[in-house]
Structure formats: structure tokens, C-alpha cells
Amino acid sequence: MSTDTVKNPETNPEKHPGELIRLEQVTKRFGDNTVLDHLDFSVQAGKHVTLIGPSGSGKTTILRLLMTLTKPDEGTITVDGQQLFPAPEKQVREIRKKIGMVFQQFNLFPNMTVLKNITEAPVTVLGMSKDEAEERARDLLDLVGLADKCDARPTQLSGGQQQRVAIARALAMRPQVLLLDEVTSALDPELVAGVLDVLRDIARSTDITMLCVTHEMNFARDISDQVLMFDSGRVIESGPPEQMFSEPEQDRTREFLSAVL
């Protein structure tokens with residue numbers, strides 16, 4: 001990549017009003033496999049954007065890049081007007097505080113109570129007092145319908161309950177952005193509806209920006225402001241859910257939706 005396309009990571013990039021996330025010419029390869037191919041897309045603050053498409057099309061890789069779990073091979077990533085990549089490590093750590101993620105697997109600490117799972121990061125990362133962190137954790141457990149599970153261990157909970165704890169844990173960090181990566185894929189079918197209802201409530205009652213990867217198309221239709229169709233590491237079509245699910249323009253989008261709806 002030519003040097004004139006690399007921004008100085010010590011300075012803030014050009015700001016775009018209302019925009020919270022921007023990926024410019026982002027490429028990610030794993031060996032000979034190009035997972036993201038010079039990808040450009042952005043997310044407006046407060047919006048709920050859902051990424052759909054076949055497995056292997058690059059959707060989860062975008063979330064992992066935003067969480068800095070992996071790095072792009074080319075391109076720039078900006079969050080809230082600050083460059084996430086490339087950027088000094090101190091700047092990356094500060095930006096990461098603005099981003100929460102709920103994974104496919106719940107990743108709870110089995111040796112900690114539910115309450116401790118939720119309060120650990122706010123206390124150690126944000127410097128929140130224990131009392132404030134516990135008060136917020138109890139409010140969030142009430143929000144996700146688990147107010148009576150503060151002292152339980154993760155192994156005492158169902159998969160759906162563990163995922164709701166994971167959602168509460170992500171929200172405890174007061175993120176500007178919530179990333180959702182196939183959050184119901186590891187759940188038994190009868191547990192899926194409860195978790196999706198919690199996320200619908202969060203989408204309707206907060207101003208958190210949400211970037212969601214899911215195969216739950218009815219959920220995507222309900223909560224999304226914008227739906228992006230991915231194929232081979234690129235966005236091939238985007239639009240509001242009513243257009244994308246009722247009258248998609250691209251044959252590939254129609255083919256995918258006919259297989260999953």
C-alpha cells in the first residue's frame with residue numbers, strides 16, 4: 001500500500017458528522033484466503049446495523065477487528081473520530097473502552113459469581129468503585145431478567161441465562177458500541193427467544209450503537225436501521241430492512257435470503 005494512503009496515527013483522521021465507525025479500504029487475509037477485500041463501510045452513531053451473508057464472508061472478522069482481536073493487513077479503522085488502526089497502543093486501549101462485545105460462547109469466569117463476572121471489568125478497567133459497579137450490575141441483571149441470580153455461578157445457569165449475563169457484562173462497561181456475534185448460535189432453540197427479546201429491549205430503550213452478525217433474520221428485520229449483505233469479503237448490497245428482506249436488488253442477496261428465510 002502506498003505511503004500517501006496511511007494516516008498519521010498520532011492525529012485524528014478527518015471527521016464525518018454523526019459517524020461512529022468507519023472502515024476504509026480494509027483488507028484482511030488468512031494465508032491465501034482474503035476474508036475482507038478493500039472493504040469500505042461506516043456506521044452512524046445510535047444506529048443498529050446488521051451484517052448478513054454466508055459463513056466465511058467476513059462478517060465476524062469485522063467485529064474481531066473492532067475488538068482488536070486481530071489486525072487488518074491494509075486500511076484504516078476509525079471509532080468516534082479516533083483512529084483504531086493504525087494507532088499507538090495507548091490510543092487503542094482508550095478506544096477499546098468504548099466497545100463491548102457479546103460472543104457466540106459466553107466466556108464467563110466459572111470461578112466467579114454472576115455479580116463478580118459483571119463488576120470485574122468496570123472496577124479494574126474503568127476504575128469504578130465497587131459499590132457503583134455492583135449497583136449498576138444489579139440494575140443490568142434486572143434488565144436482562146436475572147435479578148435473583150447475583151450469587152449464582154455460571155455453571156448453575158442455563159445457556160440462555162449465561163448469555164444474558166454476558167450481555168449485562170458487556171453493558172456494564174457503558175459502551176458506545178455493542179458488537180453482537182451470532183449470540184444465539186450456541187443456544188438450544190427454546191432458549192433463543194428469551195435472549196433475542198432482551199436484545200430487542202436494549203435496542204429500543206438505549207442509544208447504544210449496535211453492530212450485529214446474525215442468522216436470525218426476523219430479529220434482524222425487527223431491530224435494524226440498516227442491513228448489509230456480505231459476500232466474499234465485500235458489501236454487495238445494503239439498505240433498510242424492509243427493502244433488503246422484501247425487494248433486494250442483487251441476485252446473490254435473493255439467493256441467500258431464500259435459503260435462510
# chains A, B, ... in the order shown; residues from 1 in each chain; ligands from 1
$ closest_atom_pairs --of "region 14-72 of chain A" --to "region 199-218 of chain A" --cutoff "6 Å" --atoms "only C-alpha atoms" --output "CSV"
residue,atom,partner,partner_atom,distance
A:Ala45,CA,A:Thr209,CA,5.7
A:Gly46,CA,A:Thr209,CA,4.3
A:Lys47,CA,A:Thr209,CA,5.1
A:His48,CA,A:Met210,CA,4.6
A:Val49,CA,A:Leu211,CA,5.0
A:Thr50,CA,A:Cys212,CA,4.6
A:Leu51,CA,A:Val213,CA,5.0
$ select_by_dssp --residues "region 30-257 of chain A" --states "helix (DSSP H, G or I)" --output "ChimeraX atom specification"
/A:59-66,89-96,114-124,130-143,147-149,154-156,159-172,189-205,217-223,241-246,251-257
$ write_last_selection --atoms "C-alpha atoms" --output "compact mmCIF listing (two decimals), in the first residue's frame"
# COMPACT_ATOMS: atom_id res chain seq x y z
CA LYS A 59 -18.79 -10.63 8.95
CA THR A 60 -17.29 -11.87 12.22
CA THR A 61 -13.83 -10.71 11.13
CA ILE A 62 -15.14 -7.13 11.17
CA LEU A 63 -16.22 -7.50 14.79
CA ARG A 64 -12.87 -9.06 15.72
CA LEU A 65 -11.04 -6.14 14.07
CA LEU A 66 -13.09 -3.63 16.07
CA GLU A 89 -1.20 1.07 21.86
CA LYS A 90 -2.32 3.65 24.43
CA GLN A 91 -4.82 5.11 21.97
CA VAL A 92 -6.07 1.63 21.07
CA ARG A 93 -6.71 0.83 24.74
CA GLU A 94 -8.71 4.03 25.24
CA ILE A 95 -10.86 3.42 22.16
CA ARG A 96 -11.46 -0.20 23.17
CA VAL A 114 -22.65 -13.68 38.31
CA LEU A 115 -22.30 -10.35 40.12
CA LYS A 116 -18.50 -10.60 40.14
CA ASN A 117 -18.43 -11.50 36.43
CA ILE A 118 -20.22 -8.23 35.69
CA THR A 119 -18.33 -5.95 38.09
CA GLU A 120 -14.77 -7.17 37.46
CA ALA A 121 -14.04 -5.12 34.32
CA PRO A 122 -15.73 -1.85 35.38
CA VAL A 123 -13.67 -1.87 38.58
CA THR A 124 -10.32 -2.94 37.11
CA LYS A 130 -17.06 -1.48 43.92
CA ASP A 131 -20.34 -0.06 45.23
CA GLU A 132 -21.10 1.78 41.98
CA ALA A 133 -20.19 -1.26 39.89
CA GLU A 134 -22.42 -3.53 41.97
CA GLU A 135 -25.33 -1.11 41.80
CA ARG A 136 -25.04 -0.95 38.02
CA ALA A 137 -24.64 -4.73 37.79
CA ARG A 138 -27.84 -5.30 39.77
CA ASP A 139 -29.71 -2.84 37.53
CA LEU A 140 -28.45 -4.66 34.44
CA LEU A 141 -29.35 -8.08 35.84
CA ASP A 142 -32.85 -6.74 36.41
CA LEU A 143 -32.86 -5.51 32.79
CA ALA A 147 -32.14 -10.09 39.29
CA ASP A 148 -32.27 -13.19 41.50
CA LYS A 149 -29.05 -14.73 40.13
CA PRO A 154 -22.26 -19.67 35.66
CA THR A 155 -22.40 -23.48 35.85
CA GLN A 156 -25.70 -23.17 37.74
CA GLY A 159 -27.14 -21.40 28.33
CA GLY A 160 -29.72 -18.69 27.75
CA GLN A 161 -29.18 -17.30 31.23
CA GLN A 162 -25.41 -17.32 30.75
CA GLN A 163 -25.77 -15.39 27.51
CA ARG A 164 -27.97 -12.82 29.24
CA VAL A 165 -25.27 -12.42 31.91
CA ALA A 166 -22.75 -11.91 29.09
CA ILE A 167 -24.97 -9.16 27.65
CA ALA A 168 -25.19 -7.49 31.06
CA ARG A 169 -21.41 -7.77 31.43
CA ALA A 170 -20.86 -6.01 28.08
CA LEU A 171 -23.31 -3.22 29.00
CA ALA A 172 -21.63 -2.73 32.39
CA PRO A 189 -33.77 -23.47 20.19
CA GLU A 190 -36.13 -22.96 23.15
CA LEU A 191 -33.67 -20.51 24.74
CA VAL A 192 -33.16 -18.30 21.70
CA ALA A 193 -36.34 -16.23 22.02
CA GLY A 194 -35.54 -15.03 25.55
CA VAL A 195 -32.10 -13.73 24.57
CA LEU A 196 -33.43 -12.01 21.45
CA ASP A 197 -36.19 -10.35 23.47
CA VAL A 198 -33.56 -8.89 25.82
CA LEU A 199 -31.62 -7.50 22.86
CA ARG A 200 -34.79 -6.04 21.35
CA ASP A 201 -35.45 -4.24 24.64
CA ILE A 202 -31.90 -2.85 24.66
CA ALA A 203 -32.21 -1.71 21.05
CA ARG A 204 -35.48 0.09 21.79
CA SER A 205 -34.58 1.61 25.16
CA MET A 217 -33.49 -12.85 10.06
CA ASN A 218 -36.69 -11.93 11.91
CA PHE A 219 -34.58 -10.41 14.66
CA ALA A 220 -32.54 -8.51 12.07
CA ARG A 221 -35.75 -7.22 10.50
CA ASP A 222 -37.05 -6.07 13.91
CA ILE A 223 -34.03 -4.19 15.29
CA PRO A 241 -34.63 -3.99 6.40
CA GLU A 242 -37.95 -3.56 4.63
CA GLN A 243 -36.12 -3.23 1.32
CA MET A 244 -33.46 -5.87 1.94
CA PHE A 245 -35.90 -8.56 3.06
CA SER A 246 -38.75 -7.74 0.68
CA ASP A 251 -29.42 -11.98 -7.23
CA ARG A 252 -26.91 -13.15 -4.62
CA THR A 253 -28.91 -11.48 -1.83
CA ARG A 254 -32.14 -13.07 -3.06
CA GLU A 255 -30.44 -16.45 -3.25
CA PHE A 256 -29.09 -16.17 0.30
CA LEU A 257 -32.36 -14.99 1.79
$ residues_around --residues "Asp73 (chain A)" --least-positions-apart "3" --cutoff "8 Å" --atoms "only C-alpha atoms" --output "PyMOL selection string"
chain A and resi 26-29
$ write_last_selection --atoms "N, CA and C atoms" --output "compact mmCIF listing (two decimals), in the first residue's frame"
# COMPACT_ATOMS: atom_id res chain seq x y z
N VAL A 26 -10.22 -1.63 4.05
CA VAL A 26 -9.71 -2.63 5.00
C VAL A 26 -9.62 -3.99 4.30
N THR A 27 -8.44 -4.56 4.37
CA THR A 27 -8.18 -5.89 3.82
C THR A 27 -7.63 -6.78 4.93
N LYS A 28 -8.17 -8.01 4.99
CA LYS A 28 -7.67 -8.99 5.96
C LYS A 28 -7.51 -10.33 5.26
N ARG A 29 -6.31 -10.89 5.40
CA ARG A 29 -6.03 -12.19 4.78
C ARG A 29 -5.63 -13.18 5.87
$ residues_around --residues "Ile236 (chain A)" --least-positions-apart "4" --cutoff "9 Å" --atoms "only C-alpha atoms" --output "VMD selection string"
chain A and resid 228 to 231 250 252 to 253
$ write_last_selection --atoms "N, CA, C and O atoms" --output "mmCIF file, in the first residue's frame"
data_model
loop_
_atom_site.group_PDB
_atom_site.id
_atom_site.type_symbol
_atom_site.label_atom_id
_atom_site.label_comp_id
_atom_site.auth_asym_id
_atom_site.auth_seq_id
_atom_site.Cartn_x
_atom_site.Cartn_y
_atom_site.Cartn_z
ATOM 1 N N LEU A 228 -26.659 -4.990 5.878
ATOM 2 C CA LEU A 228 -25.602 -5.093 4.868
ATOM 3 C C LEU A 228 -25.434 -6.553 4.489
ATOM 4 O O LEU A 228 -25.273 -7.407 5.358
ATOM 5 N N MET A 229 -25.472 -6.832 3.198
ATOM 6 C CA MET A 229 -25.269 -8.181 2.676
ATOM 7 C C MET A 229 -23.811 -8.331 2.265
ATOM 8 O O MET A 229 -23.301 -7.575 1.422
ATOM 9 N N PHE A 230 -23.144 -9.316 2.875
ATOM 10 C CA PHE A 230 -21.739 -9.577 2.581
ATOM 11 C C PHE A 230 -21.593 -10.819 1.716
ATOM 12 O O PHE A 230 -22.327 -11.795 1.864
ATOM 13 N N ASP A 231 -20.615 -10.756 0.832
ATOM 14 C CA ASP A 231 -20.245 -11.932 0.060
ATOM 15 C C ASP A 231 -18.791 -11.768 -0.371
ATOM 16 O O ASP A 231 -18.419 -10.717 -0.908
ATOM 17 N N GLN A 250 -29.939 -7.491 -5.569
ATOM 18 C CA GLN A 250 -28.925 -8.391 -6.088
ATOM 19 C C GLN A 250 -29.401 -9.850 -6.080
ATOM 20 O O GLN A 250 -30.026 -10.304 -5.126
ATOM 21 N N ARG A 252 -27.572 -12.418 -5.700
ATOM 22 C CA ARG A 252 -26.905 -13.150 -4.616
ATOM 23 C C ARG A 252 -27.635 -12.946 -3.292
ATOM 24 O O ARG A 252 -27.749 -13.879 -2.482
ATOM 25 N N THR A 253 -28.149 -11.747 -3.057
ATOM 26 C CA THR A 253 -28.913 -11.480 -1.833
ATOM 27 C C THR A 253 -30.195 -12.294 -1.833
ATOM 28 O O THR A 253 -30.564 -12.907 -0.825
#
$ atom_distance --atom1 "CA of Met67 (chain A)" --atom2 "CA of Val235 (chain A)"
20.2 Å
$ residues_around --residues "Ser232 (chain A)" --least-positions-apart "3" --cutoff "9 Å" --atoms "only C-alpha atoms" --output "list in words"
Thr34, Val35, Leu36, Asp37, Pro54, Gly56, Ser57, Gly58 and Val235 of chain A
$ write_last_selection --atoms "N, CA, C and O atoms" --output "PDB file, in the first residue's frame"
ATOM      1  N   THR A  34      -8.382 -14.313   1.261  1.00  0.00           N
ATOM      2  CA  THR A  34      -8.715 -12.913   1.531  1.00  0.00           C
ATOM      3  C   THR A  34     -10.127 -12.854   2.102  1.00  0.00           C
ATOM      4  O   THR A  34     -11.111 -13.071   1.388  1.00  0.00           O
ATOM      5  N   VAL A  35     -10.221 -12.562   3.399  1.00  0.00           N
ATOM      6  CA  VAL A  35     -11.512 -12.573   4.093  1.00  0.00           C
ATOM      7  C   VAL A  35     -12.237 -11.246   3.923  1.00  0.00           C
ATOM      8  O   VAL A  35     -13.455 -11.209   3.774  1.00  0.00           O
ATOM      9  N   LEU A  36     -11.492 -10.136   3.968  1.00  0.00           N
ATOM     10  CA  LEU A  36     -12.046  -8.816   3.685  1.00  0.00           C
ATOM     11  C   LEU A  36     -11.225  -8.200   2.562  1.00  0.00           C
ATOM     12  O   LEU A  36      -9.985  -8.198   2.621  1.00  0.00           O
ATOM     13  N   ASP A  37     -11.903  -7.662   1.563  1.00  0.00           N
ATOM     14  CA  ASP A  37     -11.236  -7.232   0.335  1.00  0.00           C
ATOM     15  C   ASP A  37     -11.474  -5.749   0.096  1.00  0.00           C
ATOM     16  O   ASP A  37     -12.475  -5.348  -0.486  1.00  0.00           O
ATOM     17  N   PRO A  54     -23.375 -15.401   3.801  1.00  0.00           N
ATOM     18  CA  PRO A  54     -22.958 -16.784   4.054  1.00  0.00           C
ATOM     19  C   PRO A  54     -21.783 -16.854   5.022  1.00  0.00           C
ATOM     20  O   PRO A  54     -21.042 -15.887   5.203  1.00  0.00           O
ATOM     21  N   GLY A  56     -18.181 -17.404   6.325  1.00  0.00           N
ATOM     22  CA  GLY A  56     -16.911 -17.161   5.641  1.00  0.00           C
ATOM     23  C   GLY A  56     -16.867 -15.907   4.804  1.00  0.00           C
ATOM     24  O   GLY A  56     -15.866 -15.650   4.121  1.00  0.00           O
ATOM     25  N   SER A  57     -17.935 -15.084   4.870  1.00  0.00           N
ATOM     26  CA  SER A  57     -17.963 -13.880   4.027  1.00  0.00           C
ATOM     27  C   SER A  57     -17.302 -12.677   4.682  1.00  0.00           C
ATOM     28  O   SER A  57     -17.232 -11.610   4.073  1.00  0.00           O
ATOM     29  N   GLY A  58     -16.820 -12.830   5.925  1.00  0.00           N
ATOM     30  CA  GLY A  58     -16.056 -11.761   6.553  1.00  0.00           C
ATOM     31  C   GLY A  58     -16.766 -11.021   7.665  1.00  0.00           C
ATOM     32  O   GLY A  58     -16.183 -10.113   8.271  1.00  0.00           O
ATOM     33  N   VAL A 235     -19.235  -5.763   0.766  1.00  0.00           N
ATOM     34  CA  VAL A 235     -20.657  -5.449   0.859  1.00  0.00           C
ATOM     35  C   VAL A 235     -21.201  -5.391  -0.556  1.00  0.00           C
ATOM     36  O   VAL A 235     -20.776  -4.561  -1.352  1.00  0.00           O
TER      37      VAL A 235
END
$ atom_distance --atom1 "CA of His38 (chain A)" --atom2 "CA of Glu24 (chain A)"
7.4 Å
$ select_by_dssp --residues "region 33-180 of chain A" --states "strand (DSSP E)" --output "short mmCIF file (atom, residue, chain, number, x, y, z; two decimals) with N, CA and C atoms, in the first residue's frame"
data_model
loop_
_atom_site.label_atom_id
_atom_site.label_comp_id
_atom_site.auth_asym_id
_atom_site.auth_seq_id
_atom_site.Cartn_x
_atom_site.Cartn_y
_atom_site.Cartn_z
N ASN A 33 -6.20 -16.86 1.82
CA ASN A 33 -7.63 -16.55 1.82
C ASN A 33 -7.84 -15.08 2.19
N THR A 34 -8.38 -14.31 1.26
CA THR A 34 -8.72 -12.91 1.53
C THR A 34 -10.13 -12.85 2.10
N VAL A 35 -10.22 -12.56 3.40
CA VAL A 35 -11.51 -12.57 4.09
C VAL A 35 -12.24 -11.25 3.92
N LEU A 36 -11.49 -10.14 3.97
CA LEU A 36 -12.05 -8.82 3.68
C LEU A 36 -11.22 -8.20 2.56
N ASP A 37 -11.90 -7.66 1.56
CA ASP A 37 -11.24 -7.23 0.34
C ASP A 37 -11.47 -5.75 0.10
N HIS A 38 -10.55 -4.90 0.62
CA HIS A 38 -10.64 -3.45 0.44
C HIS A 38 -12.03 -2.94 0.80
N LEU A 39 -12.43 -3.29 2.02
CA LEU A 39 -13.78 -3.00 2.49
C LEU A 39 -13.92 -1.56 2.94
N ASP A 40 -14.97 -0.90 2.47
CA ASP A 40 -15.36 0.43 2.93
C ASP A 40 -16.77 0.34 3.50
N PHE A 41 -16.95 0.74 4.76
CA PHE A 41 -18.31 0.96 5.23
C PHE A 41 -18.27 1.73 6.54
N SER A 42 -19.40 2.32 6.90
CA SER A 42 -19.46 3.14 8.11
C SER A 42 -20.77 2.90 8.82
N VAL A 43 -20.79 3.26 10.11
CA VAL A 43 -21.98 3.11 10.95
C VAL A 43 -22.22 4.44 11.65
N GLN A 44 -23.43 4.94 11.55
CA GLN A 44 -23.80 6.19 12.21
C GLN A 44 -24.06 5.95 13.69
N HIS A 48 -28.56 0.81 14.47
CA HIS A 48 -28.43 -0.63 14.62
C HIS A 48 -28.23 -1.22 13.23
N VAL A 49 -27.04 -1.77 13.01
CA VAL A 49 -26.66 -2.27 11.70
C VAL A 49 -26.43 -3.78 11.80
N THR A 50 -27.06 -4.53 10.92
CA THR A 50 -26.92 -5.98 10.92
C THR A 50 -26.18 -6.43 9.66
N LEU A 51 -25.21 -7.32 9.87
CA LEU A 51 -24.44 -7.90 8.78
C LEU A 51 -24.96 -9.30 8.50
N ILE A 52 -25.38 -9.55 7.28
CA ILE A 52 -25.86 -10.88 6.90
C ILE A 52 -25.00 -11.39 5.74
N GLU A 74 -4.32 -4.21 5.64
CA GLU A 74 -4.29 -2.91 4.98
C GLU A 74 -5.51 -2.12 5.44
N GLY A 75 -5.44 -0.81 5.26
CA GLY A 75 -6.60 0.03 5.52
C GLY A 75 -6.58 0.68 6.89
N THR A 76 -7.60 1.49 7.16
CA THR A 76 -7.72 2.20 8.43
C THR A 76 -9.09 1.94 9.04
N ILE A 77 -9.12 1.95 10.38
CA ILE A 77 -10.36 1.79 11.14
C ILE A 77 -10.45 2.95 12.12
N THR A 78 -11.58 3.63 12.12
CA THR A 78 -11.79 4.80 12.96
C THR A 78 -13.03 4.60 13.82
N VAL A 79 -12.93 4.94 15.11
CA VAL A 79 -14.06 4.86 16.03
C VAL A 79 -14.19 6.19 16.76
N GLN A 82 -11.50 8.80 16.25
CA GLN A 82 -10.11 8.46 16.58
C GLN A 82 -9.71 7.19 15.84
N GLN A 83 -8.46 7.16 15.39
CA GLN A 83 -8.01 6.02 14.63
C GLN A 83 -7.71 4.84 15.55
N LEU A 84 -8.33 3.71 15.25
CA LEU A 84 -8.10 2.47 16.00
C LEU A 84 -6.95 1.69 15.38
N PHE A 85 -6.84 1.77 14.07
CA PHE A 85 -5.73 1.12 13.37
C PHE A 85 -5.43 1.91 12.10
N ILE A 99 -16.10 0.07 23.35
CA ILE A 99 -16.68 -1.03 22.57
C ILE A 99 -16.91 -2.24 23.46
N GLY A 100 -18.13 -2.77 23.44
CA GLY A 100 -18.44 -4.01 24.13
C GLY A 100 -18.82 -5.08 23.12
N MET A 101 -18.58 -6.33 23.48
CA MET A 101 -18.90 -7.42 22.55
C MET A 101 -19.52 -8.58 23.30
N VAL A 102 -20.53 -9.18 22.68
CA VAL A 102 -21.13 -10.42 23.17
C VAL A 102 -20.82 -11.49 22.14
N VAL A 177 -20.56 1.39 21.62
CA VAL A 177 -20.82 0.42 20.56
C VAL A 177 -20.97 -0.97 21.19
N LEU A 178 -22.01 -1.68 20.80
CA LEU A 178 -22.19 -3.06 21.24
C LEU A 178 -22.13 -3.96 20.01
N LEU A 179 -21.16 -4.90 20.03
CA LEU A 179 -20.98 -5.85 18.93
C LEU A 179 -21.61 -7.17 19.34
N LEU A 180 -22.41 -7.74 18.45
CA LEU A 180 -23.12 -8.99 18.73
C LEU A 180 -22.75 -10.01 17.66
#
$ atom_distance --atom1 "CA of Ile21 (chain A)" --atom2 "CA of Val183 (chain A)"
21.1 Å
$ closest_residue --among "A:Gly81, A:Pro175, A:Pro72, A:Gly239" --to "Arg22 (chain A)" --atoms "only C-alpha atoms"
A:Gly81
$ closest_residue --among "A:Ser55, A:Ser129, A:Ser158, A:Gln176" --to "Lys97 (chain A)" --atoms "only C-alpha atoms"
A:Gln176
